[in-house]
>>> print(open('final-v4.txt').read())   # compact mmCIF, C-alpha atoms (C1' of nucleotides)
# COMPACT_ATOMS: atom_id res chain seq x y z
CA MET A 1372 -35.98 -18.16 62.38
CA PRO A 1373 -37.27 -19.70 59.13
CA ALA A 1374 -41.05 -19.46 59.54
CA ALA A 1375 -42.77 -20.67 62.71
CA THR A 1376 -45.22 -23.02 61.01
CA ALA A 1377 -44.25 -24.96 57.91
CA PRO A 1378 -45.42 -22.86 54.97
CA THR A 1379 -48.02 -24.47 52.75
CA LEU A 1380 -48.22 -24.21 48.98
CA ASP A 1381 -51.19 -21.92 49.58
CA THR A 1382 -49.18 -19.39 51.55
CA VAL A 1383 -46.17 -19.74 49.28
CA PHE A 1384 -48.02 -19.05 46.04
CA ALA A 1385 -50.23 -16.37 47.61
CA ALA A 1386 -47.11 -14.58 48.79
CA LEU A 1387 -45.73 -14.61 45.25
CA ALA A 1388 -48.99 -13.33 43.73
CA ASP A 1389 -48.33 -9.72 44.76
CA PRO A 1390 -46.01 -7.54 42.66
CA THR A 1391 -44.78 -5.54 45.65
CA ARG A 1392 -43.71 -8.71 47.40
CA ARG A 1393 -41.97 -10.09 44.33
CA ALA A 1394 -40.15 -6.76 43.98
CA ILE A 1395 -39.04 -6.99 47.60
CA LEU A 1396 -37.68 -10.48 47.00
CA SER A 1397 -35.76 -9.21 43.98
CA MET A 1398 -34.26 -6.42 46.04
CA LEU A 1399 -33.19 -8.86 48.73
CA LEU A 1400 -31.54 -10.96 46.08
CA GLU A 1401 -28.79 -8.35 46.00
CA ASP A 1402 -28.27 -7.92 49.70
CA ASP A 1403 -29.81 -8.07 53.15
CA MET A 1404 -31.75 -4.91 53.98
CA ALA A 1405 -33.32 -3.06 56.89
CA VAL A 1406 -37.11 -2.66 56.83
CA THR A 1407 -36.89 1.11 56.27
CA ASP A 1408 -34.58 0.63 53.31
CA VAL A 1409 -36.86 -2.02 51.82
CA ALA A 1410 -39.73 0.45 52.02
CA GLU A 1411 -37.87 3.39 50.51
CA PRO A 1412 -38.48 2.80 46.77
CA PHE A 1413 -42.19 2.07 47.24
CA GLU A 1414 -44.93 4.66 47.25
CA MET A 1415 -46.71 3.26 50.24
CA SER A 1416 -46.48 3.50 53.98
CA LEU A 1417 -43.89 1.76 56.06
CA ALA A 1418 -46.68 -0.09 57.83
CA ALA A 1419 -47.84 -1.56 54.54
CA ILE A 1420 -44.34 -2.80 53.75
CA SER A 1421 -44.08 -4.19 57.25
CA LYS A 1422 -47.20 -6.26 56.56
CA HIS A 1423 -45.79 -7.53 53.29
CA LEU A 1424 -42.66 -8.59 55.12
CA VAL A 1425 -44.74 -10.54 57.62
CA ILE A 1426 -46.40 -12.39 54.75
CA LEU A 1427 -43.06 -13.13 53.13
CA THR A 1428 -41.73 -14.35 56.46
CA ARG A 1429 -44.69 -16.65 57.05
CA ALA A 1430 -44.25 -18.04 53.56
CA GLY A 1431 -40.66 -18.79 54.49
CA PHE A 1432 -39.16 -16.56 51.81
CA ILE A 1433 -37.32 -14.29 54.18
CA SER A 1434 -36.08 -14.29 57.75
CA GLN A 1435 -35.87 -11.21 59.94
CA GLU A 1436 -33.27 -10.59 62.58
CA LYS A 1437 -33.32 -7.61 64.88
CA ARG A 1438 -29.94 -6.05 65.61
CA GLY A 1439 -30.28 -2.98 67.76
CA ARG A 1440 -33.26 -1.03 66.61
CA VAL A 1441 -33.06 -2.13 62.99
CA LYS A 1442 -34.56 -5.35 61.74
CA TRP A 1443 -32.64 -6.99 58.92
CA CYS A 1444 -34.38 -8.93 56.20
CA LYS A 1445 -32.63 -11.84 54.56
CA LEU A 1446 -33.75 -13.91 51.60
CA GLU A 1447 -34.35 -17.63 52.23
CA PRO A 1448 -34.33 -19.19 48.78
CA ASP A 1449 -35.03 -22.68 50.10
CA ALA A 1450 -38.69 -21.78 50.41
CA LEU A 1451 -38.99 -21.73 46.65
CA ARG A 1452 -38.07 -25.36 46.41
CA ALA A 1453 -41.37 -26.90 47.45
CA ALA A 1454 -43.24 -24.68 45.02
CA SER A 1455 -40.73 -25.30 42.29
CA VAL A 1456 -40.91 -29.05 42.70
CA TRP A 1457 -44.69 -28.96 42.63
CA MET A 1458 -44.69 -26.91 39.46
CA GLN A 1459 -42.15 -29.05 37.73
CA GLY A 1460 -44.43 -32.02 38.28
CA PHE A 1461 -46.42 -30.68 35.35
CA GLY A 1462 -43.43 -31.00 33.12
CA GLN A 1463 -44.03 -34.74 33.14
CA PHE A 1464 -45.71 -34.36 29.82
CA GLU A 1465 -42.41 -34.27 28.08
CA ALA A 1466 -40.32 -37.20 29.11
CA VAL A 1467 -37.11 -35.27 28.60
CA ASN A 1468 -38.25 -32.67 31.02
CA LEU A 1469 -38.86 -34.96 33.97
CA ASP A 1470 -35.71 -36.82 33.32
CA ALA A 1471 -33.54 -33.74 33.24
CA PHE A 1472 -35.21 -32.18 36.20
CA GLU A 1473 -34.96 -35.24 38.35
CA ARG A 1474 -31.25 -35.30 37.85
CA PHE A 1475 -31.27 -31.63 38.69
CA LEU A 1476 -33.21 -32.23 41.88
CA ALA A 1477 -31.08 -35.16 42.90
CA VAL A 1478 -28.26 -32.69 43.37
CA GLU A 1479 -30.37 -29.83 44.61
CA LEU A 1480 -32.31 -31.64 47.31
CA ASP A 1481 -29.21 -33.29 48.62
CA THR A 1482 -29.03 -31.15 51.73
CA PRO A 1483 -31.22 -32.68 54.47
CA LYS A 1484 -34.24 -30.54 55.16
CA PRO A 1485 -37.01 -30.88 57.81
CA GLU A 1486 -40.70 -30.93 56.79
CA MET B 63 -57.27 -20.73 22.74
CA PRO B 64 -54.35 -20.21 25.12
CA ALA B 65 -55.54 -17.26 27.22
CA ALA B 66 -56.85 -14.08 25.57
CA THR B 67 -54.50 -11.66 27.32
CA ALA B 68 -50.96 -12.70 28.14
CA PRO B 69 -51.07 -13.94 31.73
CA THR B 70 -49.04 -11.98 34.22
CA LEU B 71 -47.05 -13.42 37.10
CA ASP B 72 -49.80 -11.98 39.30
CA THR B 73 -52.54 -14.04 37.70
CA VAL B 74 -50.32 -17.10 37.38
CA PHE B 75 -49.31 -17.22 41.04
CA ALA B 76 -52.76 -16.22 42.26
CA ALA B 77 -54.23 -19.09 40.27
CA LEU B 78 -51.85 -21.51 41.96
CA ALA B 79 -52.58 -20.17 45.44
CA ASP B 80 -55.87 -22.06 45.73
CA PRO B 81 -55.87 -25.76 46.70
CA THR B 82 -58.96 -26.54 44.63
CA ARG B 83 -57.31 -25.16 41.53
CA ARG B 84 -54.09 -27.04 42.15
CA ALA B 85 -56.12 -30.22 42.59
CA ILE B 86 -57.87 -29.57 39.28
CA LEU B 87 -54.53 -29.18 37.56
CA SER B 88 -53.36 -32.47 39.04
CA MET B 89 -56.48 -34.19 37.77
CA LEU B 90 -55.94 -32.82 34.30
CA LEU B 91 -52.41 -34.12 34.39
CA GLU B 92 -53.87 -37.57 33.84
CA ASP B 93 -56.28 -36.75 31.07
CA ASP B 94 -58.52 -34.13 29.48
CA MET B 95 -61.86 -33.84 31.28
CA ALA B 96 -65.33 -32.40 30.88
CA VAL B 97 -66.32 -29.63 33.29
CA THR B 98 -68.90 -31.83 35.03
CA ASP B 99 -66.32 -34.56 35.59
CA VAL B 100 -63.82 -32.07 36.94
CA ALA B 101 -66.42 -30.93 39.46
CA GLU B 102 -67.49 -34.41 40.55
CA PRO B 103 -64.93 -35.10 43.33
CA PHE B 104 -65.35 -31.67 44.93
CA GLU B 105 -67.91 -30.78 47.55
CA MET B 106 -68.93 -27.54 45.94
CA SER B 107 -71.29 -26.38 43.25
CA LEU B 108 -70.66 -26.73 39.55
CA ALA B 109 -70.80 -22.96 39.28
CA ALA B 110 -67.92 -22.64 41.73
CA ILE B 111 -65.81 -25.08 39.72
CA SER B 112 -66.73 -23.23 36.56
CA LYS B 113 -65.32 -20.06 38.09
CA HIS B 114 -62.11 -21.83 39.07
CA LEU B 115 -61.76 -23.04 35.49
CA VAL B 116 -62.12 -19.48 34.22
CA ILE B 117 -59.30 -18.39 36.51
CA LEU B 118 -57.10 -21.29 35.38
CA THR B 119 -57.86 -20.43 31.75
CA ARG B 120 -57.01 -16.77 32.21
CA ALA B 121 -53.75 -17.78 33.87
CA GLY B 122 -53.03 -19.88 30.79
CA PHE B 123 -52.91 -23.19 32.66
CA ILE B 124 -55.73 -24.82 30.76
CA SER B 125 -57.62 -24.42 27.51
CA GLN B 126 -61.28 -25.25 27.03
CA GLU B 127 -62.86 -26.55 23.89
CA LYS B 128 -66.58 -27.08 23.45
CA ARG B 129 -67.61 -30.18 21.56
CA GLY B 130 -71.36 -30.57 21.46
CA ARG B 131 -72.72 -29.63 24.83
CA VAL B 132 -69.61 -30.84 26.62
CA LYS B 133 -66.69 -28.50 27.29
CA TRP B 134 -63.37 -30.24 27.51
CA CYS B 135 -60.55 -28.97 29.70
CA LYS B 136 -56.96 -29.55 28.69
CA LEU B 137 -53.81 -28.81 30.64
CA GLU B 138 -51.40 -26.28 29.11
CA PRO B 139 -48.13 -26.90 30.93
CA ASP B 140 -46.30 -24.15 29.07
CA ALA B 141 -47.89 -21.59 31.35
CA LEU B 142 -45.79 -22.84 34.22
CA ARG B 143 -42.62 -21.91 32.47
CA ALA B 144 -42.68 -18.16 33.08
CA ALA B 145 -43.37 -18.69 36.75
CA SER B 146 -40.80 -21.42 36.99
CA VAL B 147 -38.14 -19.29 35.38
CA TRP B 148 -38.92 -16.40 37.66
CA MET B 149 -38.68 -18.61 40.73
CA GLN B 150 -35.47 -20.23 39.70
CA GLY B 151 -33.89 -16.81 39.49
CA PHE B 152 -33.65 -17.04 43.24
CA GLY B 153 -31.55 -20.14 43.01
CA GLN B 154 -28.68 -17.93 41.92
CA PHE B 155 -27.42 -18.02 45.45
CA GLU B 156 -25.99 -21.43 44.98
CA ALA B 157 -23.84 -21.56 41.91
CA VAL B 158 -24.49 -25.26 41.40
CA ASN B 159 -28.18 -24.64 41.33
CA LEU B 160 -28.13 -22.01 38.63
CA ASP B 161 -25.70 -23.97 36.58
CA ALA B 162 -27.74 -27.15 36.57
CA PHE B 163 -30.96 -25.34 35.98
CA GLU B 164 -29.64 -23.35 33.10
CA ARG B 165 -28.64 -26.50 31.37
CA PHE B 166 -32.08 -27.81 32.14
CA LEU B 167 -33.78 -24.74 30.73
CA ALA B 168 -31.59 -24.66 27.67
CA VAL B 169 -33.32 -27.85 26.63
CA GLU B 170 -36.71 -26.97 28.01
CA LEU B 171 -37.08 -23.53 26.50
CA ASP B 172 -35.98 -24.71 23.11
CA THR B 173 -39.43 -24.23 21.62
CA PRO B 174 -39.85 -20.60 20.42
CA LYS B 175 -42.22 -18.69 22.61
CA PRO B 176 -43.59 -15.08 22.39
CA GLU B 177 -43.15 -12.67 25.32
C1' DG C 251 -32.97 11.95 80.67
C1' DC C 252 -34.62 13.12 76.31
C1' DC C 253 -35.27 13.47 71.55
C1' DA C 254 -34.93 11.10 67.20
C1' DT C 255 -35.13 6.80 64.66
C1' DA C 256 -36.97 2.11 63.56
C1' DT C 257 -40.75 -0.74 63.51
C1' DT C 258 -45.08 -2.57 64.80
C1' DC C 259 -49.92 -2.33 66.48
C1' DA C 260 -54.84 -1.16 66.18
C1' DA C 261 -58.63 0.48 64.02
C1' DC C 262 -60.57 1.37 59.97
C1' DC C 263 -61.82 1.19 54.92
C1' DA C 264 -62.55 -0.34 49.94
C1' DT C 265 -62.03 -3.98 47.08
C1' DC C 266 -61.20 -8.77 45.81
C1' DT C 267 -62.21 -13.73 46.51
C1' DG C 268 -64.59 -17.92 46.88
C1' DG C 269 -68.63 -19.65 47.73
C1' DT C 270 -73.99 -20.00 47.34
C1' DT C 271 -78.57 -20.25 44.77
C1' DG C 272 -81.76 -19.85 40.95
C1' DA C 273 -82.60 -18.71 36.29
C1' DC C 274 -81.05 -19.11 31.70
C1' DG C 275 -79.22 -20.76 26.91
C1' DA C 276 -77.43 -24.80 24.16
C1' DT C 277 -77.42 -29.30 22.91
C1' DT C 278 -78.73 -34.14 22.89
C1' DG C 279 -81.80 -38.24 22.71
C1' DC C 280 -86.07 -40.27 22.34
C1' DG D 506 -91.20 -31.43 20.30
C1' DC D 507 -89.81 -31.98 24.79
C1' DA D 508 -87.41 -33.43 28.73
C1' DA D 509 -82.93 -33.98 30.48
C1' DT D 510 -78.06 -32.68 30.59
C1' DC D 511 -74.13 -29.35 30.35
C1' DG D 512 -72.41 -25.22 31.57
C1' DT D 513 -72.59 -20.21 32.47
C1' DC D 514 -74.68 -15.94 34.25
C1' DA D 515 -76.39 -12.77 37.82
C1' DA D 516 -77.15 -11.48 42.28
C1' DC D 517 -75.81 -12.00 46.59
C1' DC D 518 -72.90 -12.95 50.88
C1' DA D 519 -68.99 -13.62 54.33
C1' DG D 520 -64.43 -13.26 54.93
C1' DA D 521 -59.73 -12.23 53.22
C1' DT D 522 -56.51 -8.73 51.31
C1' DG D 523 -54.01 -4.48 50.74
C1' DG D 524 -53.94 -0.13 51.88
C1' DT D 525 -54.46 4.07 55.23
C1' DT D 526 -53.60 6.81 59.65
C1' DG D 527 -52.25 7.63 64.40
C1' DA D 528 -50.59 5.87 68.63
C1' DA D 529 -47.36 2.79 70.95
C1' DT D 530 -42.86 0.41 71.82
C1' DA D 531 -37.97 -0.24 71.55
C1' DT D 532 -33.47 1.33 70.94
C1' DG D 533 -29.58 4.64 70.03
C1' DG D 534 -27.05 8.97 70.61
C1' DC D 535 -25.94 13.01 72.98
>>> encode(input="final-v4.txt", output="structure tokens")
Amino acid sequence: MPAATAPTLDTVFAALADPTRRAILSMLLEDDMAVTDVAEPFEMSLAAISKHLVILTRAGFISQEKRGRVKWCKLEPDALRAASVWMQGFGQFEAVNLDAFERFLAVELDTPKPE
Amino acid sequence: MPAATAPTLDTVFAALADPTRRAILSMLLEDDMAVTDVAEPFEMSLAAISKHLVILTRAGFISQEKRGRVKWCKLEPDALRAASVWMQGFGQFEAVNLDAFERFLAVELDTPKPE
DNA sequence: GCCATATTCAACCATCTGGTTGACGATTGC
DNA sequence: GCAATCGTCAACCAGATGGTTGAATATGGC
């Protein structure tokens, strides 16, 4: 389930503004993980990590699927696209930049995508 | 003066998480502006805008130069690079994505850059 | 059935954030 | 010189954020 409500740039950037959450995303880059395993390397309670995961889910960065009693967290890299596109808009200063990136996006945004 | 202390991903993303600040950046995309002019379209006090500009400055997104009694704000698009690079790391999932973006960055990051 | 494991919920707390107002310091123009 | 303009500072406030603990809810294994 990729985020109930369409994530806004607000929620997307706010989610990325916390080092713990960015670290979690990096961990999930390697493989899907159970909540308990995500929490293991951090020096904070499981409940705190659980909250971070809710925020990441609402921002659309991860999806969570419960199999048995463990809940698996999976990275959803598509969520970074909206933010990335917004940011790259500021590259317009250098003509080369926009040009190159538009070609890049032409390929990247090929897949149809609601919202 | 491009930010006294090197901006962290924390400050960069936090700066982008506010709609007012993103709107300010968009305005500055068109041209440099005085603080008063930046504040004009918003329904909040000048002091509030002044605070937002401090946050954007600390994040490295803008620089401010005082000429006479007017302080001019100028966009500094380089600041987006670190964040952009970090984000694109998550594109690694799709080989195409990384490939295209690395070519893109190869050109973009040509200019030498500390940190 | 029962105990252990996995995760969330609820209440609480300190701190950060984004806004306000009013006073203040610089600078300009007449 | 003096009034007006530009911008920040300081104090304050409400609400969000990031953490805690302890209880509650599934589920799995024996």
>>> residues_near_point(input="final-v4.txt", point="(-65.8, -22.7, 36.3)", cutoff="12 Å", atoms="only C-alpha atoms (C1' of nucleotides)", output="PyMOL selection string")
(chain B and resi 82-83+86+96-101+106-120+124+126+133-135) or (chain C and resi 268) or (chain D and resi 512-514)
>>> atom_distance(input="final-v4.txt", atom1="CA of Ala77 (chain B)", atom2="CA of Asp1381 (chain A)")
10.2 Å
>>> closest_residue(input="final-v4.txt", among="A:Leu1387, A:Leu1451, A:Leu1399, A:Val1441", to="chain C", atoms="only C-alpha atoms (C1' of nucleotides)")
A:Val1441
>>> atom_distance(input="final-v4.txt", atom1="CA of Leu1380 (chain A)", atom2="CA of Phe104 (chain B)")
19.1 Å
>>> residues_near_point(input="final-v4.txt", point="(-59.2, -5.4, 49.8)", cutoff="7 Å", atoms="all atoms listed in the file", output="ChimeraX atom specification")
/C:264-266 /D:522-523
>>> write_last_selection(input="final-v4.txt", atoms="C-alpha atoms (C1' of nucleotides)", output="short mmCIF file (atom, residue, chain, number, x, y, z; two decimals), in the frame of the given file")
data_model
loop_
_atom_site.label_atom_id
_atom_site.label_comp_id
_atom_site.auth_asym_id
_atom_site.auth_seq_id
_atom_site.Cartn_x
_atom_site.Cartn_y
_atom_site.Cartn_z
"C1'" DA C 264 -62.55 -0.34 49.94
"C1'" DT C 265 -62.03 -3.98 47.08
"C1'" DC C 266 -61.20 -8.77 45.81
"C1'" DT D 522 -56.51 -8.73 51.31
"C1'" DG D 523 -54.01 -4.48 50.74
#
